[in-house]
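Enquirer: Here's a structure for you.
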There are 2 protein chains.
Amino acid sequence: MRYEGCMASLSDDQVHELDRWFRAANYLAVGQIYLLDNPLLERPLVREDIKPRLLGHWGTTPGLNLVWTHLNRLIRERDAEAIVLCGPGHGGPAAVANAWLEGTYSEVFPAVSWDKEGMGLLFRQFSFPGGIPSHVAPETPGSIHEGGELGYVLSHAYGAAMDNPELLVAAVIGDGEFETGPLAASWHANKFVDPVHDGAVLPILSLNGWKIANPTIPARIHRDELESLLRGYGHHVITVEGDEPADVHRQMAAAMDEAHAMVREIWRAAREEGDLERRPWPMILLVTPKGWTGPAHVDGKPVEGTWRAHQVPLAGTRDNDEHRAQLEEWLRSYRPVELFAADGRPVEQIVGQAPVGTRRMSANPHANGGLLKRPLRLRDWRASAVEVERPGGSIHEPTRVLGRYLIDVVRDNDATFRIFGPDETASNRLDAVYEVTDKVWAADILDVDEHLARSGRVMEILSEHTCQGWLEGYLLTGRHGLFSCYEAFIHIVDSMLNQHAKWLKTTRDIEWRPPIASLNYLLSSHVWRQDHNGFSHQDPGFIDHVVNKKAEVVRVYLPPDTNTLLSTMAHCLQSEHYVNVVVSGKQPSFDWLDAEQADLHCARGLGIWDWASNDGGDPDVVVAAAGDVPTLEALAAVSLLREHLPDLRVRFVNVVDLMRLQDEREHPHGMGDREFDSVFTTDTPTVFAYHGYPWLIHRLTYRRTNHDNIHVRGYKEEGTTTTPFDMVMMNDIDRYHLVMDVIDRVPGLASRAGGVRQLMVDTRRRARQWTRTHGDDLPEVRDWTWDASAGPARGASPSTTADGDTAADNL
Amino acid sequence: MRYEGCMASLSDDQVHELDRWFRAANYLAVGQIYLLDNPLLERPLVREDIKPRLLGHWGTTPGLNLVWTHLNRLIRERDAEAIVLCGPGHGGPAAVANAWLEGTYSEVFPAVSWDKEGMGLLFRQFSFPGGIPSHVAPETPGSIHEGGELGYVLSHAYGAAMDNPELLVAAVIGDGEFETGPLAASWHANKFVDPVHDGAVLPILSLNGWKIANPTIPARIHRDELESLLRGYGHHVITVEGDEPADVHRQMAAAMDEAHAMVREIWRAAREEGDLERRPWPMILLVTPKGWTGPAHVDGKPVEGTWRAHQVPLAGTRDNDEHRAQLEEWLRSYRPVELFAADGRPVEQIVGQAPVGTRRMSANPHANGGLLKRPLRLRDWRASAVEVERPGGSIHEPTRVLGRYLIDVVRDNDATFRIFGPDETASNRLDAVYEVTDKVWAADILDVDEHLARSGRVMEILSEHTCQGWLEGYLLTGRHGLFSCYEAFIHIVDSMLNQHAKWLKTTRDIEWRPPIASLNYLLSSHVWRQDHNGFSHQDPGFIDHVVNKKAEVVRVYLPPDTNTLLSTMAHCLQSEHYVNVVVSGKQPSFDWLDAEQADLHCARGLGIWDWASNDGGDPDVVVAAAGDVPTLEALAAVSLLREHLPDLRVRFVNVVDLMRLQDEREHPHGMGDREFDSVFTTDTPTVFAYHGYPWLIHRLTYRRTNHDNIHVRGYKEEGTTTTPFDMVMMNDIDRYHLVMDVIDRVPGLASRAGGVRQLMVDTRRRARQWTRTHGDDLPEVRDWTWDASAGPARGASPSTTADGDTAADNL
């Protein structure tokens, strides 16, 4: 083994001191789970010393404490810079204990002082009302990973390591988490590590053998099978196995040294010799008992080394004297007098083991990314805007133009901005960025490949989970990014979004955590233009999912054309601490607004488009749209209304910031009722063409005065492989149906516009028939353009069409 | 290699005949992608023969055709029974081509006849408006797997193989899909195969090297690394590699024989000798070029064997003469005259290669589970009901009682019912089932383990994706099941739910697919009682996600107590073709209804609880609740109102079937407006305590007359590790706040009940303070019980409390 020479051979004293830290962390962890008082066991435990509700997870905790102990040794002795992500995040007591031992806890929470009183509070507050959560939470210094929902620790770790060339990111993977899909996929993230510009991830598979109620798969397959699997994942496996602490300390120190030496060697070869061949990265397979050092048996049943150690091994300590005695014995087994001075402060031998300042993992700024974040350098998007002479007078592919804008973002923000996506950057037409960067690919590259390189700003793996995890890890460590994804399949990360939104919500109230960059989604290849892939690729429900999250952290944008997309993305990229969802098509589509108008429209979030309105301030009907395809259909409907019902006063409203529809009490972007009423009126029928499931618009507007008059068309879960226009017809959101809706909704109009309505019915039938015969859309649909001359000149007073008669009278 | 003796050594004639089928399938696939007419190339291709929109995925298709060719050989020559699941489901042309060659297509779609005319229609309809989808869709005979969203083919396959001891389920995994998390996790499903009672899954990793725009990871790591990984997943890897068809046919036939022999040997050893040791299961690593046998170059660029072959290799065939000539050359390269007679029917040598009748994979009833499904045998749930003498007079853990009911379901439905869950069956308190069955575990079993065995009805893996995929595969092949999961983490399968709901929606209109059993979710450990795990475990949004799906396939139930849970689950288990979501707590909670009342209440879906009402038919306020914890808080609020405002006429409404709230035009369970108004009135303030995000109630009721008067409390994304009552207080859904809401909403009450309101405010403050001091809930909250004597006797006329005065007058 070529790294043998670098490995520690510890003296007994060194082992003893490492074990002292380990025992201290275990003591503090057990204290957190059980004790209300008597933190130093200055007297025998009594009932009142015990919490009434025992909540916590002991089983995984000693393993985490061991890892922390030895990472600290590595940081100190090898001058490593490291952070640790605890996949078994329910092992909160471990992270809190180590942060307190390192002094960081008392620095960020002064009330939890570095003494007996602070230790008492540390114990009491854990999992206690008004205290701290039981998991490694946002409240835990040194953490960027909650871990309550399993599966994301490796992808978070790889995201953190990107563009941090000196950073070692240790990722503890529980053997339960090992079974999850997102974790299983994320092992392959090591094929995307750039050994020159990225740091390294050190996976530590904590094989304690058990989940809540079952053994784990990796613990119950043959060891050679597991090792074959881990080697197949691209790792050199270093095994540490045992249940005798001194022995395990020796093994673990050697394993850490070996792993670190391997990482340094890969870095050196790449950075000094330009050797960019992918080599196995080290990982540690850590095999220790679940609930190690805890009670071996409780009530005659085995606990240590079984699933029974998962949560609280001694459940009856408040009322059961025997349990309480066993708890006291357990706590005293760590020999607290050797760990803490009489004043409760850790003894010098412990204090001296902690790294210094920001090298402490609990104080490392990489684990508090807002400290490191610099604003993204963004040029004025208007320089990338498309020329728009008149509404509908030109055609662009919105995301393709955005791709050009992103060229500068990439160029100006090397090492702080990346684009993530599941094999879809080109499909979503952002491929202009390949003019200035490449897709990272550490595996084999062939001559036929395009835009693959060892270094780059674009991360593509066919795992939405890994993309999301990477981006979260990248943002949480202070950088910026964009996730481009097919709209339907972003649901794959619904649950990850939940967790990230919860993190953002919680950290808004944690003053020592400055804001991080927003998580920006660009959802393209959306429901209306998945006509080629069909029904399985059609789902606009991610928006509904996102708006359930806390209002102060979520934003949803539906830019209707190219310039509004640019304006929106520029805004999102420079925003902080939000989840921004931007939905935009990639197909050629009309430009409606020039740069200046787009800027204004996006700033307002929603507004009346005068050039498409002839309502004279007193509309007979409001036609509203949110989304690019709905905007097209709604404007085509407006032009049909103009042609066939020229006296009908139509107001056209476009919504780009969906949260504007909600009221200001519900969402910070919400519009006041008065302003809303000035747009949608208090009594005019509104026909609203919406990109997604129509009920969302009702949910957002149900408190509005005019809500009962709002009639929404959207996606109603009808679709297949067909033409774009057939898709909108299948969901009754097509121009002809919108005209029918207007006729049905405006009082008195139905009886007078029966002929127009019938024409719409007939045209739809003809369109359907044409499509089924020719396999393409009706020419008059395909060739439709907005006739700018038919409306009022932009800025002209629209009142010229208002004469006091109802439009219906003039039909 | 001990299976050598079983392997085919094909004659040249045999190879030629296999290749004939392969060529025919390829020809039919290309024809589907391109041709509008001239299916047999009886004349040179002209522009009008080509579809105007070319939609389809050629790249993966030849690999699927090869697999189908050789599975047919295996079925015929080794008397195997097999079905195939196409992970690359976008290779729809392959599945359709083979189904047509087998004659099945024309049997289920007579218009697509087994002749030239039918072939023409087969080509035309593919990806054509009014035709069929481009993917292996529900419309495709022989399929239970759409494959448009990648990741689920293996878990579906394992679900299909369960309890089908003679069935071989071939699962083709694309090397793109290989990168996804759900797929990566599902390799471990082989640790849950019972070799006596289950069939076998044969994974076939189709390594064609490319995704849409990138190479794939498994194609670009070293082959020994990939093989190490696959062996680590527990497989014996049989590699087939080449690009010369005859050679590949020979290899593939031998590989199929070897795999089949290995499977037979595992079965024999287990079934005849009782040898239940887990052994590596065979799999095939199939390495052929992407777009194999298609154009090598187009416009000077390499296509075959690159990502450019992913979709349509020749894009300009309608208008570009050169492309069209190349297409014709490509089609003719399959020598159609050797494949089809002049009338278009496949030649005898092809017809003779197809298995017979239901052995054809396209006609195998396992791939059309409704054909095989038998009703679940269910005993009357009332025999398992708990005794309820009076509302709130007893306490049970609802899911624990359900577990006892499930004992009989398991016992009476051996081989057709399974329970799936991510390590949570015991945690969700369904563990009574272990009295009659075990958890399946094919890996090592130790003495300390409980309820693990080689055979059983409970499937536990810490992968919600795998659980969901298993259950879907099990249902789609005609069986029954239940998925028990923590509420928050069911979001992990949001996207899988989408796809399954789409399948159910589509198959409702396919008459040759009879209904399958419903997909039943039991969501326990829900948002209100994750006080110990905290914020990351609190999310009730799956309901919102589900109700976006097509109304005719989704049902949501919120049983408020034990007997209503039993009634609901019994109903769901015997239902067909729905997604049923049942949310129920597991903690000890009050019984409200006896069996008879529960039966009636669940049949109604929502109703007035007379015993908790004193409104005399003319309420001052309606207090409504949906969900167990909201019902508790709402009833406690009602009892506070009785105590402090005895003259207020309160109507209590409980909702168990959430879809009853919607109107009958929106959902089949929807209540008519008249009936709704008779419960919620047209003008009475309603305070509604709801389990999930409050907006959903508005979305469901916005069309109701009294909607503006409905005031909803629910989860507003506030939570942490705290006590149960603190959790409800954090979200303002607690009893005291509901009383405040009533006082604020009933006209005139606020001014008269100011003292009561202040008492509520003070009590909340006191409750918060108590909790923070004692770490437990206020005793008067913990000890609260419903005082049945305070209300009208059950069945008594409630009119006794109505006297015409408004309650407010009497305050």
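Residue numbering restarts at 1 in every chain; chains get A, B, ... in the order shown in the structure tokens, and ligands count up from 1 in that same order.
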Tell me, counting only C-alpha atoms, for each residue of chain B within 6 Å of chain A, which pair of atoms is nearest and how far apart they are in Å to one decimal, in rows ordered by chain and increasing number, as CSV.

Expert:
```
residue,atom,partner,partner_atom,distance
B:Leu55,CA,A:His532,CA,5.8
B:Ser127,CA,A:Thr721,CA,5.5
B:Phe128,CA,A:Gly775,CA,5.9
B:Pro129,CA,A:Thr722,CA,4.5
B:Gly130,CA,A:Arg772,CA,5.8
B:Pro133,CA,A:Thr721,CA,4.9
B:Gly148,CA,A:Ser536,CA,5.7
B:Glu179,CA,A:Leu462,CA,5.4
B:Thr180,CA,A:Ser463,CA,4.5
B:Gly181,CA,A:Gly181,CA,4.0
B:Pro182,CA,A:Gly181,CA,4.5
B:Ala184,CA,A:Ala184,CA,5.4
B:Ala185,CA,A:Gly181,CA,4.4
B:Arg220,CA,A:Asp444,CA,5.0
B:Ile221,CA,A:Ala443,CA,5.9
B:Glu225,CA,A:Gly232,CA,4.6
B:Leu226,CA,A:Gly232,CA,5.7
B:Ser228,CA,A:Gly232,CA,4.7
B:Leu229,CA,A:Gly232,CA,3.8
B:Gly232,CA,A:Leu229,CA,3.8
B:Ala443,CA,A:Arg220,CA,5.6
B:Asp444,CA,A:Arg220,CA,5.1
B:Leu462,CA,A:Glu179,CA,5.4
B:Ser463,CA,A:Thr180,CA,4.5
B:His491,CA,A:Ser495,CA,5.2
B:Ile492,CA,A:Ser495,CA,5.2
B:Ser495,CA,A:His491,CA,5.2
B:His532,CA,A:Leu55,CA,5.8
B:Ser536,CA,A:Gly148,CA,5.8
B:Arg699,CA,A:Arg699,CA,5.1
B:Thr721,CA,A:Pro133,CA,4.9
B:Thr722,CA,A:Pro129,CA,4.5
B:Arg772,CA,A:Pro129,CA,5.1
B:Gly775,CA,A:Pro129,CA,5.8
```

Enquirer: Could you name the residues that touch region 641-646 of chain A at 7 Å or less, counting only C-alpha atoms, but leaving out those on the same chain fewer than 2 positions away, as a ChimeraX atom specification?

Expert: /A:637-639,648,739,756,811

Enquirer: Report, in Å with one decimal, the straight-line distance from CA of Leu523 (chain B) to CA of Val583 (chain B).

Expert: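 If I compute the distance from CA of Leu523 (chain B) to CA of Val583 (chain B), I get 4.7 Å.
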
Enquirer: What residues in region 93-210 of chain A get the DSSP label strand (DSSP E or B)? Please answer as a PyMOL selection string.

Expert: chain A and resi 126+132+167-174+200-206+210

Enquirer: List as a list of chain:residue names the protein and nucleic acid residues near Ser484 (chain B), meaning an atom at most 6 Å away when only C-alpha atoms are counted, but skip any in the same chain fewer than 5 places from it.

Expert: B:Gly421, B:Tyr521, B:Leu522, B:Leu523

Enquirer: Could the residues in this selection be written to a file with N, CA and C atoms, as a short mmCIF file (atom, residue, chain, number, x, y, z; two decimals), in the first residue's frame?

Expert:
```cif
data_model
loop_
_atom_site.label_atom_id
_atom_site.label_comp_id
_atom_site.auth_asym_id
_atom_site.auth_seq_id
_atom_site.Cartn_x
_atom_site.Cartn_y
_atom_site.Cartn_z
N GLY B 421 -43.39 -0.84 2.81
CA GLY B 421 -43.07 0.35 3.59
C GLY B 421 -41.58 0.49 3.82
N TYR B 521 -52.48 4.20 -0.03
CA TYR B 521 -51.48 4.77 0.88
C TYR B 521 -52.07 4.90 2.27
N LEU B 522 -51.34 4.42 3.24
CA LEU B 522 -51.66 4.76 4.63
C LEU B 522 -50.55 5.67 5.12
N LEU B 523 -50.86 6.94 5.28
CA LEU B 523 -49.86 7.90 5.73
C LEU B 523 -50.03 8.13 7.22
#
```

Enquirer: Select from region 646-773 of chain A everything DSSP, run on the backbone, classes as alpha helix (DSSP H), then give the selection as number ranges by chain.

Expert: A: 673-680, 695-701, 724-730, 735-745, 749-752, 754-773

Enquirer: Would you mind listing what lies within 9 Å of Phe340 (chain A) as a PDB file with N, CA and C atoms, in the first residue's frame, with only C-alpha atoms counted and same-chain residues fewer than 2 positions away left out?

Expert:
```pdb
ATOM      1  N   ALA A  24     -15.998  12.490  25.922  1.00  0.00           N
ATOM      2  CA  ALA A  24     -16.662  13.760  26.253  1.00  0.00           C
ATOM      3  C   ALA A  24     -17.859  14.000  25.341  1.00  0.00           C
ATOM      4  N   LEU A  40     -23.292  17.541  35.624  1.00  0.00           N
ATOM      5  CA  LEU A  40     -21.974  16.946  35.905  1.00  0.00           C
ATOM      6  C   LEU A  40     -22.074  15.741  36.845  1.00  0.00           C
ATOM      7  N   ASP A 115     -19.439  26.321  30.274  1.00  0.00           N
ATOM      8  CA  ASP A 115     -19.237  25.989  31.687  1.00  0.00           C
ATOM      9  C   ASP A 115     -20.416  25.130  32.148  1.00  0.00           C
ATOM     10  N   LYS A 116     -20.453  24.886  33.418  1.00  0.00           N
ATOM     11  CA  LYS A 116     -21.473  23.982  33.942  1.00  0.00           C
ATOM     12  C   LYS A 116     -22.877  24.499  33.652  1.00  0.00           C
ATOM     13  N   PRO A 336     -16.690  11.350  33.618  1.00  0.00           N
ATOM     14  CA  PRO A 336     -16.798  12.796  33.399  1.00  0.00           C
ATOM     15  C   PRO A 336     -15.766  13.611  34.160  1.00  0.00           C
ATOM     16  N   VAL A 337     -15.296  13.101  35.295  1.00  0.00           N
ATOM     17  CA  VAL A 337     -14.306  13.893  36.047  1.00  0.00           C
ATOM     18  C   VAL A 337     -13.018  14.055  35.246  1.00  0.00           C
ATOM     19  N   GLU A 338     -12.750  13.158  34.335  1.00  0.00           N
ATOM     20  CA  GLU A 338     -11.556  13.312  33.496  1.00  0.00           C
ATOM     21  C   GLU A 338     -11.812  14.224  32.301  1.00  0.00           C
ATOM     22  N   ALA A 342     -14.262  21.270  37.369  1.00  0.00           N
ATOM     23  CA  ALA A 342     -15.366  21.444  38.317  1.00  0.00           C
ATOM     24  C   ALA A 342     -16.336  22.515  37.842  1.00  0.00           C
ATOM     25  N   ASP A 343     -15.848  23.490  37.083  1.00  0.00           N
ATOM     26  CA  ASP A 343     -16.738  24.553  36.601  1.00  0.00           C
ATOM     27  C   ASP A 343     -17.479  24.128  35.325  1.00  0.00           C
ATOM     28  N   GLY A 344     -17.247  22.891  34.907  1.00  0.00           N
ATOM     29  CA  GLY A 344     -17.981  22.381  33.760  1.00  0.00           C
ATOM     30  C   GLY A 344     -17.271  22.542  32.442  1.00  0.00           C
ATOM     31  N   ARG A 345     -16.238  23.351  32.439  1.00  0.00           N
ATOM     32  CA  ARG A 345     -15.506  23.592  31.203  1.00  0.00           C
ATOM     33  C   ARG A 345     -14.685  22.348  30.836  1.00  0.00           C
ATOM     34  N   PRO A 346     -14.583  22.051  29.551  1.00  0.00           N
ATOM     35  CA  PRO A 346     -13.774  20.906  29.156  1.00  0.00           C
ATOM     36  C   PRO A 346     -12.341  21.071  29.647  1.00  0.00           C
ATOM     37  N   VAL A 347     -11.714  19.998  30.042  1.00  0.00           N
ATOM     38  CA  VAL A 347     -10.340  20.072  30.541  1.00  0.00           C
ATOM     39  C   VAL A 347      -9.401  20.472  29.410  1.00  0.00           C
ATOM     40  N   GLU A 348      -8.231  20.914  29.781  1.00  0.00           N
ATOM     41  CA  GLU A 348      -7.288  21.438  28.786  1.00  0.00           C
ATOM     42  C   GLU A 348      -6.942  20.422  27.701  1.00  0.00           C
ATOM     43  N   ILE A 350      -8.730  18.379  26.364  1.00  0.00           N
ATOM     44  CA  ILE A 350      -9.789  18.383  25.338  1.00  0.00           C
ATOM     45  C   ILE A 350      -9.725  19.676  24.540  1.00  0.00           C
TER      46      ILE A 350
END
```

Enquirer: With a distance cut-off of 9 Å and only C-alpha atoms, select the neighbouring residues of region 401-411 of chain A, excluding the residue or stretch itself and same-chain residues fewer than 4 positions from it, and output the selection as a PyMOL selection string.

Expert: chain A and resi 376-379+381+383-386+396-397+415-419+429-437+457+562-563+565-566+569

Enquirer: For the selection just defined, write its residues with N, CA and C atoms to a file, as a compact mmCIF listing (two decimals), in the first residue's frame.

Expert:
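Result saved to result-v1.txt:
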```
# COMPACT_ATOMS: atom_id res chain seq x y z
N LEU A 376 -23.21 37.86 -7.27
CA LEU A 376 -22.91 37.42 -8.62
C LEU A 376 -22.67 38.66 -9.49
N ARG A 377 -21.65 38.58 -10.33
CA ARG A 377 -21.44 39.70 -11.26
C ARG A 377 -22.36 39.52 -12.45
N LEU A 378 -23.27 40.44 -12.59
CA LEU A 378 -24.26 40.34 -13.67
C LEU A 378 -24.22 41.59 -14.52
N ARG A 379 -24.12 41.41 -15.82
CA ARG A 379 -24.22 42.59 -16.70
C ARG A 379 -25.70 42.92 -16.89
N TRP A 381 -28.99 42.87 -18.33
CA TRP A 381 -29.59 41.90 -19.26
C TRP A 381 -30.07 42.58 -20.53
N ALA A 383 -28.60 44.41 -22.48
CA ALA A 383 -27.63 44.29 -23.57
C ALA A 383 -27.82 43.00 -24.34
N SER A 384 -28.45 42.03 -23.72
CA SER A 384 -28.70 40.76 -24.40
C SER A 384 -30.13 40.67 -24.93
N ALA A 385 -30.91 41.72 -24.69
CA ALA A 385 -32.33 41.68 -25.08
C ALA A 385 -32.47 41.59 -26.59
N VAL A 386 -33.59 41.05 -27.03
CA VAL A 386 -33.86 41.02 -28.47
C VAL A 386 -34.61 42.29 -28.85
N HIS A 396 -38.43 34.47 -31.32
CA HIS A 396 -37.19 33.93 -30.77
C HIS A 396 -37.48 32.70 -29.93
N GLU A 397 -36.41 31.95 -29.69
CA GLU A 397 -36.51 30.85 -28.74
C GLU A 397 -36.03 31.40 -27.40
N ALA A 415 -15.70 30.09 -10.97
CA ALA A 415 -15.51 29.52 -9.64
C ALA A 415 -16.63 29.86 -8.66
N THR A 416 -17.64 30.62 -9.10
CA THR A 416 -18.75 30.87 -8.16
C THR A 416 -20.13 30.64 -8.79
N PHE A 417 -20.17 30.14 -10.01
CA PHE A 417 -21.47 29.93 -10.66
C PHE A 417 -21.42 28.65 -11.48
N ARG A 418 -22.43 27.82 -11.33
CA ARG A 418 -22.53 26.62 -12.16
C ARG A 418 -23.98 26.40 -12.60
N ILE A 419 -24.09 25.70 -13.72
CA ILE A 419 -25.41 25.32 -14.25
C ILE A 419 -25.55 23.80 -14.09
N ARG A 429 -31.90 24.21 -24.70
CA ARG A 429 -31.39 25.26 -25.60
C ARG A 429 -30.56 26.34 -24.92
N LEU A 430 -29.87 25.93 -23.87
CA LEU A 430 -28.94 26.84 -23.23
C LEU A 430 -27.51 26.60 -23.71
N ASP A 431 -27.36 25.89 -24.82
CA ASP A 431 -26.04 25.39 -25.21
C ASP A 431 -25.08 26.47 -25.68
N ALA A 432 -25.55 27.69 -25.81
CA ALA A 432 -24.59 28.76 -26.13
C ALA A 432 -23.47 28.83 -25.10
N VAL A 433 -23.75 28.44 -23.88
CA VAL A 433 -22.72 28.53 -22.84
C VAL A 433 -21.49 27.68 -23.18
N TYR A 434 -21.67 26.70 -24.07
CA TYR A 434 -20.51 25.87 -24.43
C TYR A 434 -19.48 26.66 -25.25
N GLU A 435 -19.83 27.85 -25.65
CA GLU A 435 -18.82 28.69 -26.29
C GLU A 435 -17.74 29.09 -25.30
N VAL A 436 -18.08 29.13 -24.02
CA VAL A 436 -17.10 29.60 -23.04
C VAL A 436 -16.80 28.59 -21.94
N THR A 437 -17.52 27.49 -21.91
CA THR A 437 -17.22 26.50 -20.88
C THR A 437 -17.59 25.12 -21.37
N ARG A 457 -18.27 24.50 -16.17
CA ARG A 457 -19.30 25.13 -15.34
C ARG A 457 -20.64 24.42 -15.45
N THR A 562 -39.29 36.29 -24.63
CA THR A 562 -37.85 36.25 -24.46
C THR A 562 -37.33 37.34 -23.52
N ASN A 563 -37.73 38.58 -23.76
CA ASN A 563 -37.18 39.65 -22.92
C ASN A 563 -37.66 39.56 -21.47
N LEU A 565 -38.24 36.80 -20.00
CA LEU A 565 -37.43 35.72 -19.41
C LEU A 565 -36.07 36.26 -18.96
N LEU A 566 -35.44 37.04 -19.81
CA LEU A 566 -34.14 37.61 -19.44
C LEU A 566 -34.24 38.46 -18.18
N MET A 569 -34.82 36.19 -15.11
CA MET A 569 -33.67 35.41 -14.67
C MET A 569 -32.60 36.32 -14.06
```

Enquirer: Counting only C-alpha atoms, figure out which residue out of B:Arg713, B:Arg23, B:His577, B:Arg279 gets nearest to Ala501 (chain B).

Expert: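 Closest residue, counting only C-alpha atoms: B:His577.
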
Enquirer: When you draw a straight line from CA of Trp784 (chain A) to CA of Ala767 (chain A), how long is it in Å?

Expert: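 Taking CA of Trp784 (chain A) and CA of Ala767 (chain A), their separation equals 13.5 Å.
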
Enquirer: Please provide as a list of chain:residue names all residues within 12 Å of Thr684 (chain B), with the sequence filter that same-chain residues fewer than 3 positions apart are discarded (counting only C-alpha atoms).

Expert: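 Near Thr684 (chain B), the qualifying residues are B:Asp615, B:Gly617, B:Asp618, B:Pro619, B:Asp620, B:Val621, B:Val622, B:Val623, B:Arg649, B:Val650, B:Arg651, B:Asp677, B:Ser678, B:Val679, B:Phe680, B:Thr681, B:Val687, B:Thr705, B:Asn706, B:His707, B:Asp708, B:Asn709, B:Ile710, B:His711, B:Val742, B:Arg745, B:Val746, B:Pro747.
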
Enquirer: Rank nothing, just name the residue among B:Ile144, B:Leu205, B:Ala270, B:Val527 nearest to Val629 (chain B), using only C-alpha atoms.

Expert: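 Looking at the shortest contact to Val629 (chain B), the residue is B:Val527.
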
Enquirer: Name the residues in contact with Gly91 (chain A) at a cut-off of 10 Å, using only C-alpha atoms, excluding same-chain residues fewer than 3 positions from it; report them as a ChimeraX atom specification.

Expert: /A:29,56-65,86-88,94-96,134-136,146-148,310-311

Enquirer: In Å, how far is it from CA of Trp609 (chain A) to CA of Asp628 (chain A)?

Expert: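 Answer for the CA of Trp609 (chain A) to CA of Asp628 (chain A) separation: 14.6 Å.
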